[in-house]
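Engineer: Structure file work-v6.cif (mmCIF, C-alpha atoms) right here:
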```cif
data_structure
#
loop_
_atom_site.group_PDB
_atom_site.id
_atom_site.type_symbol
_atom_site.label_atom_id
_atom_site.label_comp_id
_atom_site.auth_asym_id
_atom_site.auth_seq_id
_atom_site.Cartn_x
_atom_site.Cartn_y
_atom_site.Cartn_z
ATOM 1 C CA MET X 219 0.000 0.000 0.000
ATOM 2 C CA LYS X 220 1.282 3.465 -0.908
ATOM 3 C CA CYS X 221 0.992 6.460 1.420
ATOM 4 C CA SER X 222 -1.454 8.165 -0.961
ATOM 5 C CA GLU X 223 -3.682 5.073 -0.843
ATOM 6 C CA PHE X 224 -3.511 5.101 2.922
ATOM 7 C CA LEU X 225 -4.589 8.736 3.011
ATOM 8 C CA GLN X 226 -7.564 8.055 0.767
ATOM 9 C CA GLU X 227 -8.822 5.580 3.339
ATOM 10 C CA LEU X 228 -7.901 7.615 6.418
ATOM 11 C CA THR X 229 -11.383 8.964 7.051
ATOM 12 C CA ASN X 230 -12.973 5.544 6.693
ATOM 13 C CA TYR X 231 -10.325 4.126 8.994
ATOM 14 C CA LEU X 232 -10.890 6.712 11.720
ATOM 15 C CA ASP X 233 -14.645 6.259 11.398
ATOM 16 C CA GLU X 234 -14.320 2.456 11.561
ATOM 17 C CA ALA X 235 -16.076 2.169 8.231
ATOM 18 C CA LEU X 236 -13.747 -0.395 6.638
ATOM 19 C CA ASP X 237 -13.965 -4.108 5.984
ATOM 20 C CA GLU X 238 -11.535 -6.275 7.968
ATOM 21 C CA ARG X 239 -9.241 -6.908 5.030
ATOM 22 C CA THR X 240 -8.699 -3.230 4.166
ATOM 23 C CA LYS X 241 -8.306 -2.398 7.837
ATOM 24 C CA THR X 242 -5.584 -5.016 8.192
ATOM 25 C CA GLU X 243 -3.774 -3.654 5.119
ATOM 26 C CA LEU X 244 -3.900 -0.152 6.585
ATOM 27 C CA GLU X 245 -2.587 -1.291 9.927
ATOM 28 C CA GLU X 246 0.256 -3.162 8.251
ATOM 29 C CA HIS X 247 1.156 0.063 6.482
ATOM 30 C CA LEU X 248 0.951 2.016 9.759
ATOM 31 C CA ALA X 249 3.289 -0.462 11.434
ATOM 32 C CA TRP X 250 6.214 0.518 9.250
ATOM 33 C CA CYS X 251 5.388 3.970 7.846
ATOM 34 C CA HIS X 252 6.110 6.491 10.567
ATOM 35 C CA ASN X 253 4.867 9.485 8.563
ATOM 36 C CA CYS X 254 1.458 7.930 7.994
ATOM 37 C CA TYR X 255 1.312 6.881 11.628
ATOM 38 C CA VAL X 256 1.936 10.485 12.690
ATOM 39 C CA VAL X 257 -0.599 11.860 10.192
ATOM 40 C CA CYS X 258 -3.201 9.361 11.376
ATOM 41 C CA ASP X 259 -2.532 10.020 15.051
ATOM 42 C CA THR X 260 -2.493 13.806 14.764
ATOM 43 C CA THR X 261 -5.627 13.814 12.573
ATOM 44 C CA LYS X 262 -7.382 11.862 15.279
ATOM 45 C CA LYS X 263 -6.140 14.371 17.861
ATOM 46 C CA THR X 264 -7.338 17.237 15.652
ATOM 47 C CA ILE X 265 -10.866 15.830 15.674
ATOM 48 C CA GLU X 266 -10.806 15.194 19.403
ATOM 49 C CA ILE X 267 -9.507 18.667 20.190
ATOM 50 C CA TYR X 268 -12.300 20.306 18.196
ATOM 51 C CA ARG X 269 -14.924 17.996 19.629
ATOM 52 C CA ASP X 270 -13.821 18.678 23.205
ATOM 53 C CA SER X 271 -13.004 22.350 22.741
ATOM 54 C CA GLN X 272 -16.401 23.805 23.639
ATOM 55 C CA LEU X 273 -15.631 26.400 21.024
ATOM 56 C CA TYR X 274 -18.784 28.440 20.412
ATOM 57 C CA GLU X 275 -20.794 27.271 23.389
ATOM 58 C CA LEU X 276 -24.030 29.165 23.879
ATOM 59 C CA PRO X 277 -23.860 31.137 27.166
ATOM 60 C CA ASP X 278 -26.838 30.573 29.479
ATOM 61 C CA ASP X 279 -28.042 34.183 29.509
ATOM 62 C CA LEU X 280 -27.972 34.444 25.729
ATOM 63 C CA ARG X 281 -29.612 31.058 25.482
ATOM 64 C CA THR X 282 -32.521 32.174 27.648
ATOM 65 C CA ARG X 283 -32.892 35.427 25.721
ATOM 66 C CA LEU X 284 -32.958 33.670 22.360
ATOM 67 C CA ARG X 285 -35.414 31.036 23.516
ATOM 68 C CA THR X 286 -37.748 33.643 24.987
ATOM 69 C CA ALA X 287 -37.682 35.578 21.709
ATOM 70 C CA ILE X 288 -38.306 32.452 19.647
ATOM 71 C CA ILE X 289 -41.202 31.248 21.775
ATOM 72 C CA SER X 290 -42.911 34.642 21.942
ATOM 73 C CA LYS X 291 -42.758 34.886 18.149
ATOM 74 C CA CYS X 292 -44.152 31.354 17.870
ATOM 75 C CA GLN X 293 -47.029 32.368 20.197
ATOM 76 C CA ALA X 294 -47.686 35.424 18.037
ATOM 77 C CA ARG X 295 -47.753 33.319 14.878
ATOM 78 C CA LYS X 296 -50.060 30.837 16.521
ATOM 79 C CA LYS X 297 -52.502 33.624 17.401
ATOM 80 C CA ALA X 298 -52.257 35.062 13.898
ATOM 81 C CA GLY X 299 -53.102 31.664 12.466
ATOM 82 C CA PRO X 300 -51.460 29.827 9.561
ATOM 83 C CA ARG X 301 -49.677 32.012 7.073
ATOM 84 C CA GLU X 302 -47.295 31.796 4.206
ATOM 85 C CA VAL X 303 -43.606 32.066 5.093
ATOM 86 C CA MET D 217 -5.157 2.953 17.277
ATOM 87 C CA THR D 218 -8.775 3.144 18.347
ATOM 88 C CA ALA D 219 -11.527 4.965 16.521
ATOM 89 C CA ILE D 220 -12.942 8.236 17.682
ATOM 90 C CA GLN D 221 -15.898 8.278 20.021
ATOM 91 C CA GLN D 222 -18.996 9.837 18.546
ATOM 92 C CA ARG D 223 -20.700 12.509 20.599
ATOM 93 C CA ALA D 224 -23.668 10.878 22.295
ATOM 94 C CA SER D 225 -26.900 11.832 20.600
ATOM 95 C CA GLU D 226 -29.943 13.089 22.468
ATOM 96 C CA PRO D 227 -32.768 10.661 23.088
ATOM 97 C CA VAL D 228 -35.149 10.824 20.162
ATOM 98 C CA SER D 229 -37.827 8.350 21.190
ATOM 99 C CA ASP D 230 -40.287 11.022 22.272
ATOM 100 C CA GLU D 231 -39.285 13.431 19.577
ATOM 101 C CA LEU D 232 -41.983 12.608 17.070
ATOM 102 C CA ALA D 233 -44.570 13.044 19.806
ATOM 103 C CA LEU D 234 -43.173 16.522 20.531
ATOM 104 C CA VAL D 235 -43.272 17.406 16.848
ATOM 105 C CA GLN D 236 -46.849 16.144 16.540
ATOM 106 C CA ALA D 237 -47.938 18.140 19.591
ATOM 107 C CA ALA D 238 -46.202 21.251 18.237
ATOM 108 C CA LYS D 239 -47.951 20.769 14.886
ATOM 109 C CA GLY D 240 -51.200 20.665 16.850
ATOM 110 C CA GLY D 241 -50.420 24.098 18.302
ATOM 111 C CA ASP D 242 -48.660 23.181 21.559
ATOM 112 C CA VAL D 243 -45.912 25.797 21.746
ATOM 113 C CA GLY D 244 -44.605 24.187 24.967
ATOM 114 C CA SER D 245 -43.656 21.072 22.990
ATOM 115 C CA PHE D 246 -41.850 23.196 20.457
ATOM 116 C CA GLU D 247 -40.026 24.934 23.303
ATOM 117 C CA GLU D 248 -38.748 21.533 24.423
ATOM 118 C CA LEU D 249 -37.372 20.961 20.922
ATOM 119 C CA VAL D 250 -35.668 24.362 21.084
ATOM 120 C CA ARG D 251 -34.096 23.449 24.442
ATOM 121 C CA ARG D 252 -32.902 20.190 23.004
ATOM 122 C CA TYR D 253 -31.147 21.602 19.972
ATOM 123 C CA ASP D 254 -30.442 25.318 20.438
ATOM 124 C CA ARG D 255 -26.831 24.731 21.496
ATOM 125 C CA ASN D 256 -26.184 22.568 18.461
ATOM 126 C CA VAL D 257 -27.757 25.077 16.074
ATOM 127 C CA PHE D 258 -25.716 27.892 17.620
ATOM 128 C CA ARG D 259 -22.445 25.962 17.258
ATOM 129 C CA ILE D 260 -23.174 25.060 13.661
ATOM 130 C CA ALA D 261 -24.192 28.633 12.828
ATOM 131 C CA GLN D 262 -21.122 30.125 14.464
ATOM 132 C CA HIS D 263 -18.833 27.661 12.698
ATOM 133 C CA ILE D 264 -20.314 28.559 9.320
ATOM 134 C CA THR D 265 -20.762 32.315 9.716
ATOM 135 C CA GLN D 266 -17.762 32.911 12.005
ATOM 136 C CA ASN D 267 -19.755 35.796 13.435
ATOM 137 C CA ARG D 268 -21.493 35.877 16.797
ATOM 138 C CA GLU D 269 -24.372 38.209 15.855
ATOM 139 C CA ASP D 270 -25.084 36.260 12.712
ATOM 140 C CA ALA D 271 -25.101 33.035 14.695
ATOM 141 C CA GLU D 272 -27.653 34.492 17.121
ATOM 142 C CA ASP D 273 -29.858 35.527 14.200
ATOM 143 C CA VAL D 274 -29.516 32.096 12.642
ATOM 144 C CA VAL D 275 -30.703 30.398 15.840
ATOM 145 C CA GLN D 276 -33.837 32.547 15.906
ATOM 146 C CA ASP D 277 -34.522 32.398 12.179
ATOM 147 C CA ALA D 278 -33.950 28.654 11.915
ATOM 148 C CA PHE D 279 -36.291 27.767 14.787
ATOM 149 C CA LEU D 280 -38.970 30.174 13.566
ATOM 150 C CA LYS D 281 -38.739 28.780 10.069
ATOM 151 C CA ALA D 282 -38.940 25.257 11.457
ATOM 152 C CA TYR D 283 -41.998 26.204 13.516
ATOM 153 C CA SER D 284 -43.746 27.793 10.559
ATOM 154 C CA ASN D 285 -42.990 24.808 8.340
ATOM 155 C CA LEU D 286 -43.615 21.971 10.758
ATOM 156 C CA GLU D 287 -46.364 20.662 8.497
ATOM 157 C CA GLN D 288 -43.710 19.939 5.881
ATOM 158 C CA PHE D 289 -41.769 17.716 8.258
ATOM 159 C CA GLN D 290 -42.939 14.237 7.378
ATOM 160 C CA GLY D 291 -40.821 12.273 9.833
ATOM 161 C CA GLN D 292 -38.793 10.525 7.141
ATOM 162 C CA SER D 293 -35.584 11.884 8.639
ATOM 163 C CA LYS D 294 -34.855 12.821 12.240
ATOM 164 C CA PHE D 295 -36.254 16.179 13.299
ATOM 165 C CA TYR D 296 -32.705 17.241 14.145
ATOM 166 C CA THR D 297 -31.411 16.498 10.634
ATOM 167 C CA TRP D 298 -34.322 18.462 9.175
ATOM 168 C CA LEU D 299 -33.585 21.366 11.544
ATOM 169 C CA VAL D 300 -29.876 21.292 10.664
ATOM 170 C CA ARG D 301 -30.726 21.572 6.987
ATOM 171 C CA ILE D 302 -32.739 24.732 7.714
ATOM 172 C CA ALA D 303 -30.008 26.149 9.980
ATOM 173 C CA VAL D 304 -27.232 25.512 7.442
ATOM 174 C CA ASN D 305 -29.227 27.294 4.736
ATOM 175 C CA GLU D 306 -29.878 30.273 7.004
ATOM 176 C CA ALA D 307 -26.201 30.422 7.971
ATOM 177 C CA LEU D 308 -25.033 30.270 4.360
ATOM 178 C CA MET D 309 -27.423 33.104 3.482
ATOM 179 C CA LYS D 310 -25.880 35.216 6.235
ATOM 180 C CA LEU D 311 -22.419 34.413 4.954
ATOM 181 C CA ARG D 312 -23.366 35.388 1.407
ATOM 182 C CA ARG D 313 -24.713 38.699 2.660
ATOM 183 C CA ARG D 314 -21.465 39.394 4.469
ATOM 184 C CA ARG D 315 -19.310 38.341 1.576
ATOM 185 C CA PRO D 316 -21.252 39.318 -1.529
ATOM 186 C CA GLU D 317 -18.039 39.462 -3.507
ATOM 187 C CA ARG D 318 -17.585 35.751 -3.130
ATOM 188 C CA MET D 319 -20.253 33.265 -4.026
ATOM 189 C CA VAL D 320 -20.634 30.881 -1.129
ATOM 190 C CA SER D 321 -21.977 27.475 -1.949
ATOM 191 C CA LEU D 322 -21.717 23.990 -0.582
ATOM 192 C CA ASP D 323 -21.160 22.810 -4.125
ATOM 193 C CA GLU D 324 -18.220 25.087 -4.726
ATOM 194 C CA GLU D 325 -15.514 23.678 -6.900
ATOM 195 C CA VAL D 326 -13.274 21.440 -4.875
ATOM 196 C CA LYS D 327 -9.778 21.124 -6.253
ATOM 197 C CA THR D 328 -9.144 17.621 -7.413
ATOM 198 C CA GLU D 329 -5.384 17.550 -7.314
ATOM 199 C CA ASP D 330 -3.698 16.283 -4.190
ATOM 200 C CA ASP D 331 -3.884 19.575 -2.375
ATOM 201 C CA SER D 332 -4.269 17.943 0.985
ATOM 202 C CA LEU D 333 -1.250 15.691 0.949
ATOM 203 C CA PRO D 334 0.427 16.318 4.280
ATOM 204 C CA ARG D 335 3.575 18.389 4.170
ATOM 205 C CA GLU D 336 4.052 18.714 7.918
ATOM 206 C CA VAL D 337 4.503 15.345 9.549
ATOM 207 C CA ALA D 338 6.199 16.327 12.803
ATOM 208 C CA ASP D 339 4.696 14.525 15.756
ATOM 209 C CA TRP D 340 2.719 16.485 18.330
ATOM 210 C CA SER D 341 3.221 16.825 22.044
ATOM 211 C CA PRO D 342 1.421 14.165 24.089
ATOM 212 C CA ASN D 343 -1.183 16.681 25.323
ATOM 213 C CA PRO D 344 -0.947 19.451 22.757
ATOM 214 C CA GLU D 345 -3.933 21.435 23.999
ATOM 215 C CA GLN D 346 -2.277 21.805 27.401
ATOM 216 C CA GLN D 347 0.506 23.882 25.887
ATOM 217 C CA TYR D 348 -1.914 26.806 25.800
ATOM 218 C CA ASN D 349 -4.377 28.383 28.162
ATOM 219 C CA GLN D 350 -8.094 28.217 27.400
ATOM 220 C CA ALA D 351 -8.250 31.627 25.691
ATOM 221 C CA GLU D 352 -5.184 30.952 23.542
ATOM 222 C CA LEU D 353 -6.510 27.563 22.544
ATOM 223 C CA ARG D 354 -9.874 29.018 21.482
ATOM 224 C CA GLU D 355 -8.096 31.646 19.437
ATOM 225 C CA ILE D 356 -5.975 29.000 17.701
ATOM 226 C CA LEU D 357 -8.896 26.676 16.998
ATOM 227 C CA GLY D 358 -11.171 29.499 15.862
ATOM 228 C CA ARG D 359 -8.647 31.039 13.499
ATOM 229 C CA THR D 360 -7.640 27.662 12.122
ATOM 230 C CA ILE D 361 -11.132 26.536 11.211
ATOM 231 C CA GLN D 362 -11.955 29.980 9.858
ATOM 232 C CA GLY D 363 -9.280 29.412 7.230
ATOM 233 C CA LEU D 364 -11.137 26.485 5.693
ATOM 234 C CA PRO D 365 -13.577 26.976 2.803
ATOM 235 C CA PRO D 366 -17.199 27.104 4.116
ATOM 236 C CA SER D 367 -18.103 23.831 2.422
ATOM 237 C CA PHE D 368 -15.269 22.037 4.231
ATOM 238 C CA ARG D 369 -15.909 23.482 7.656
ATOM 239 C CA THR D 370 -19.650 22.823 7.378
ATOM 240 C CA VAL D 371 -19.061 19.133 6.736
ATOM 241 C CA PHE D 372 -16.419 18.994 9.484
ATOM 242 C CA VAL D 373 -18.660 20.587 12.099
ATOM 243 C CA LEU D 374 -21.624 18.356 11.294
ATOM 244 C CA ARG D 375 -19.642 15.132 11.204
ATOM 245 C CA ASP D 376 -16.904 15.644 13.744
ATOM 246 C CA VAL D 377 -18.219 18.232 16.177
ATOM 247 C CA GLU D 378 -21.929 17.420 16.170
ATOM 248 C CA GLY D 379 -21.500 13.716 15.513
ATOM 249 C CA LEU D 380 -23.957 13.330 12.615
ATOM 250 C CA SER D 381 -23.408 10.215 10.518
ATOM 251 C CA THR D 382 -22.138 10.481 6.950
ATOM 252 C CA GLU D 383 -25.650 9.708 5.692
ATOM 253 C CA GLU D 384 -27.284 12.318 7.949
ATOM 254 C CA THR D 385 -24.710 14.916 6.880
ATOM 255 C CA ALA D 386 -25.324 14.123 3.216
ATOM 256 C CA ASP D 387 -29.068 14.391 3.821
ATOM 257 C CA ALA D 388 -28.817 17.687 5.719
ATOM 258 C CA LEU D 389 -26.543 19.283 3.110
ATOM 259 C CA ASP D 390 -28.039 17.775 -0.037
ATOM 260 C CA LEU D 391 -24.677 16.297 -0.948
ATOM 261 C CA SER D 392 -23.792 12.819 -2.132
ATOM 262 C CA ILE D 393 -22.076 10.481 0.316
ATOM 263 C CA PRO D 394 -18.796 10.492 -1.684
ATOM 264 C CA ALA D 395 -18.886 14.315 -1.674
ATOM 265 C CA VAL D 396 -19.291 14.347 2.123
ATOM 266 C CA LYS D 397 -16.431 11.893 2.550
ATOM 267 C CA SER D 398 -14.151 13.791 0.211
ATOM 268 C CA ARG D 399 -14.796 17.136 1.933
ATOM 269 C CA LEU D 400 -14.412 15.573 5.357
ATOM 270 C CA LEU D 401 -11.045 14.048 4.499
ATOM 271 C CA ARG D 402 -9.758 17.330 3.135
ATOM 272 C CA ALA D 403 -11.126 19.314 6.061
ATOM 273 C CA ARG D 404 -9.539 16.977 8.593
ATOM 274 C CA LEU D 405 -6.175 16.954 6.820
ATOM 275 C CA GLN D 406 -6.095 20.708 6.337
ATOM 276 C CA LEU D 407 -6.965 21.369 9.970
ATOM 277 C CA ARG D 408 -4.346 18.883 11.081
ATOM 278 C CA GLU D 409 -1.747 20.524 8.889
ATOM 279 C CA ARG D 410 -2.535 23.996 10.195
ATOM 280 C CA LEU D 411 -2.659 22.934 13.829
ATOM 281 C CA SER D 412 0.727 21.203 13.531
ATOM 282 C CA ARG D 413 2.350 24.610 13.606
ATOM 283 C CA PHE D 414 1.054 25.117 17.144
ATOM 284 C CA PHE D 415 1.053 21.625 18.533
ATOM 285 C CA GLN D 416 4.182 19.927 17.283
ATOM 286 C CA ARG D 417 6.515 18.417 19.799
ATOM 287 C CA ARG D 418 9.110 20.926 20.894
ATOM 288 C CA GLU D 419 12.649 20.023 21.712
ATOM 289 C CA SER D 420 13.266 20.551 25.394
ATOM 290 C CA GLY D 421 15.281 23.735 25.406
ATOM 291 C CA ASP D 422 13.787 26.663 27.216
ATOM 292 C CA GLY D 423 11.916 24.401 29.595
ATOM 293 C CA THR D 424 8.754 26.467 29.440
ATOM 294 C CA LYS D 425 6.685 24.195 27.214
#
```
Rewrite the coordinates I just gave you, this time as structure tokens.
Structural biologist:
Amino acid sequence: MKCSEFLQELTNYLDEALDERTKTELEEHLAWCHNCYVVCDTTKKTIEIYRDSQLYELPDDLRTRLRTAIISKCQARKKAGPREV
Amino acid sequence: MTAIQQRASEPVSDELALVQAAKGGDVGSFEELVRRYDRNVFRIAQHITQNREDAEDVVQDAFLKAYSNLEQFQGQSKFYTWLVRIAVNEALMKLRRRRPERMVSLDEEVKTEDDSLPREVADWSPNPEQQYNQAELREILGRTIQGLPPSFRTVFVLRDVEGLSTEETADALDLSIPAVKSRLLRARLQLRERLSRFFQRRESGDGTK
């Protein structure tokens, strides 16, 4: 397996969306190719860092304000009856 | 090497009942749906628009549009996937308004040459995120993802941050499954490449990192 072939399958590998045979081939490649091992490992870390980052969390006060605005507009629409959007 | 854990999804068993009640005019049921998904919609909107005010508008507009169009939700997909589709469209509209000079589309031409072949293969520190304080880390992550084309970061946030499946992402974005996979691979590799600058293992020298 060439490094470019490994990269093509990287997403499927990280998502565990591969058949056993392809997975074994990839892992054989990883066992000797340090560059691909590093790329695979750091890509996995990239995903985990973003997933755990709590980047763009909605603060509680803003959350309440938005929800209040949404629900009051829904109430108003309900009173006004069905309409085209 | 183990696979990545998916973010646990919210319970959906009672969701159709909430949608049905909301269709019947029960605003309280709709409010429960808002509580369930407002954080997700905000994150997605902020990732796409990269603008706090726009993201706030998107949350309001997306839920109001969903409420007004509940009759069109037939229950063939999850309510959340349907809501995400609305939110992504609202967010892209905001982005287009902010950047009228540049057409923003999920179908934008994606270069086919090997533009995402890794150039930087230095290993990272064992706990790279601990090299920075919380504010620095946010700045790094925010700026890094901002540098991706909107179509890449949208797929990345839905798949990897929100934990939608490939099929759900394709459904929400009206893309084919191969298109989702291709964008996801490129997004992941480009983010990895850009983050390497900040997170690569440093030789012990000054002793501060």
Engineer: As a check of understanding, name the residues that the PyMOL selection byres ((chain D) within 7 of (chain X)) selects in the supplied structure, as a ChimeraX atom specification.
Structural biologist: /D:219-220,241,243,247,255,258-259,262,276,280,284,337,339-340,354,376-377,401,404-405,408
Engineer: Record the distance separating atom CA of Ala307 of chain D and atom CA of Phe246 of chain D, expressed in Å with one decimal.
Structural biologist: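 Distance reported for this atom pair: 21.3 Å.
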Engineer: Could you pull the residues within 8 Å of Thr385 of chain D, counting all atoms listed in the file, minus those fewer than 2 positions along the same chain, as an MDAnalysis selection string?
Structural biologist: chainID D and resid 297 371 374:375 380:383 387:389 391 396
Engineer: Output C-alpha atoms for every residue in the selection just made, as a PDB file, in the frame of the given file.
Structural biologist:
```pdb
ATOM      1  CA  THR D 297     -31.411  16.498  10.634  1.00  0.00           C
ATOM      2  CA  VAL D 371     -19.061  19.133   6.736  1.00  0.00           C
ATOM      3  CA  LEU D 374     -21.624  18.356  11.294  1.00  0.00           C
ATOM      4  CA  ARG D 375     -19.642  15.132  11.204  1.00  0.00           C
ATOM      5  CA  LEU D 380     -23.957  13.330  12.615  1.00  0.00           C
ATOM      6  CA  SER D 381     -23.408  10.215  10.518  1.00  0.00           C
ATOM      7  CA  THR D 382     -22.138  10.481   6.950  1.00  0.00           C
ATOM      8  CA  GLU D 383     -25.650   9.708   5.692  1.00  0.00           C
ATOM      9  CA  ASP D 387     -29.068  14.391   3.821  1.00  0.00           C
ATOM     10  CA  ALA D 388     -28.817  17.687   5.719  1.00  0.00           C
ATOM     11  CA  LEU D 389     -26.543  19.283   3.110  1.00  0.00           C
ATOM     12  CA  LEU D 391     -24.677  16.297  -0.948  1.00  0.00           C
ATOM     13  CA  VAL D 396     -19.291  14.347   2.123  1.00  0.00           C
TER      14      VAL D 396
END
```
Engineer: Please determine, counting only C-alpha atoms, which residue among D:Val373, D:Pro344, D:Ala261, D:Pro334 has the shortest atom-to-atom distance to Phe224 of chain X.
Structural biologist: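 Under the stated criterion, the closest residue is D:Pro334.
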Engineer: Rounded to one decimal place, report the atom CA of Val275 of chain D-atom CA of Val250 of chain D distance in Å.
Structural biologist: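 For atom CA of Val275 of chain D relative to atom CA of Val250 of chain D, the distance reads 9.4 Å.
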Engineer: What is the atom CA of Glu345 of chain D to atom CA of Asn267 of chain D distance in Å?
Structural biologist: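 According to the coordinates, atom CA of Glu345 of chain D and atom CA of Asn267 of chain D are separated by 23.8 Å.
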Engineer: Just checking: using all atoms listed in the file, which residue out of X:Glu243, X:Ala298, X:Asp237, X:Arg283 ends up closest to Lys220 of chain X?
Structural biologist: X:Glu243
Engineer: Of the candidates D:Ile260, D:Ala233, D:Leu286, D:Ile393, which shows the shortest atom-to-atom distance to Leu308 of chain D, using all atoms listed in the file?
Structural biologist: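 Among the listed residues, D:Ile260 lies closest to Leu308 of chain D.
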Engineer: Just write segment 372-415 of chain D with C-alpha atoms, as a PDB file, in the first residue's frame, taken from the block above.
Structural biologist:
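Printed below is result-v9.pdb as written:
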```pdb
ATOM      1  CA  PHE D 372     -16.419  18.994   9.484  1.00  0.00           C
ATOM      2  CA  VAL D 373     -18.660  20.587  12.099  1.00  0.00           C
ATOM      3  CA  LEU D 374     -21.624  18.356  11.294  1.00  0.00           C
ATOM      4  CA  ARG D 375     -19.642  15.132  11.204  1.00  0.00           C
ATOM      5  CA  ASP D 376     -16.904  15.644  13.744  1.00  0.00           C
ATOM      6  CA  VAL D 377     -18.219  18.232  16.177  1.00  0.00           C
ATOM      7  CA  GLU D 378     -21.929  17.420  16.170  1.00  0.00           C
ATOM      8  CA  GLY D 379     -21.500  13.716  15.513  1.00  0.00           C
ATOM      9  CA  LEU D 380     -23.957  13.330  12.615  1.00  0.00           C
ATOM     10  CA  SER D 381     -23.408  10.215  10.518  1.00  0.00           C
ATOM     11  CA  THR D 382     -22.138  10.481   6.950  1.00  0.00           C
ATOM     12  CA  GLU D 383     -25.650   9.708   5.692  1.00  0.00           C
ATOM     13  CA  GLU D 384     -27.284  12.318   7.949  1.00  0.00           C
ATOM     14  CA  THR D 385     -24.710  14.916   6.880  1.00  0.00           C
ATOM     15  CA  ALA D 386     -25.324  14.123   3.216  1.00  0.00           C
ATOM     16  CA  ASP D 387     -29.068  14.391   3.821  1.00  0.00           C
ATOM     17  CA  ALA D 388     -28.817  17.687   5.719  1.00  0.00           C
ATOM     18  CA  LEU D 389     -26.543  19.283   3.110  1.00  0.00           C
ATOM     19  CA  ASP D 390     -28.039  17.775  -0.037  1.00  0.00           C
ATOM     20  CA  LEU D 391     -24.677  16.297  -0.948  1.00  0.00           C
ATOM     21  CA  SER D 392     -23.792  12.819  -2.132  1.00  0.00           C
ATOM     22  CA  ILE D 393     -22.076  10.481   0.316  1.00  0.00           C
ATOM     23  CA  PRO D 394     -18.796  10.492  -1.684  1.00  0.00           C
ATOM     24  CA  ALA D 395     -18.886  14.315  -1.674  1.00  0.00           C
ATOM     25  CA  VAL D 396     -19.291  14.347   2.123  1.00  0.00           C
ATOM     26  CA  LYS D 397     -16.431  11.893   2.550  1.00  0.00           C
ATOM     27  CA  SER D 398     -14.151  13.791   0.211  1.00  0.00           C
ATOM     28  CA  ARG D 399     -14.796  17.136   1.933  1.00  0.00           C
ATOM     29  CA  LEU D 400     -14.412  15.573   5.357  1.00  0.00           C
ATOM     30  CA  LEU D 401     -11.045  14.048   4.499  1.00  0.00           C
ATOM     31  CA  ARG D 402      -9.758  17.330   3.135  1.00  0.00           C
ATOM     32  CA  ALA D 403     -11.126  19.314   6.061  1.00  0.00           C
ATOM     33  CA  ARG D 404      -9.539  16.977   8.593  1.00  0.00           C
ATOM     34  CA  LEU D 405      -6.175  16.954   6.820  1.00  0.00           C
ATOM     35  CA  GLN D 406      -6.095  20.708   6.337  1.00  0.00           C
ATOM     36  CA  LEU D 407      -6.965  21.369   9.970  1.00  0.00           C
ATOM     37  CA  ARG D 408      -4.346  18.883  11.081  1.00  0.00           C
ATOM     38  CA  GLU D 409      -1.747  20.524   8.889  1.00  0.00           C
ATOM     39  CA  ARG D 410      -2.535  23.996  10.195  1.00  0.00           C
ATOM     40  CA  LEU D 411      -2.659  22.934  13.829  1.00  0.00           C
ATOM     41  CA  SER D 412       0.727  21.203  13.531  1.00  0.00           C
ATOM     42  CA  ARG D 413       2.350  24.610  13.606  1.00  0.00           C
ATOM     43  CA  PHE D 414       1.054  25.117  17.144  1.00  0.00           C
ATOM     44  CA  PHE D 415       1.053  21.625  18.533  1.00  0.00           C
TER      45      PHE D 415
END
```
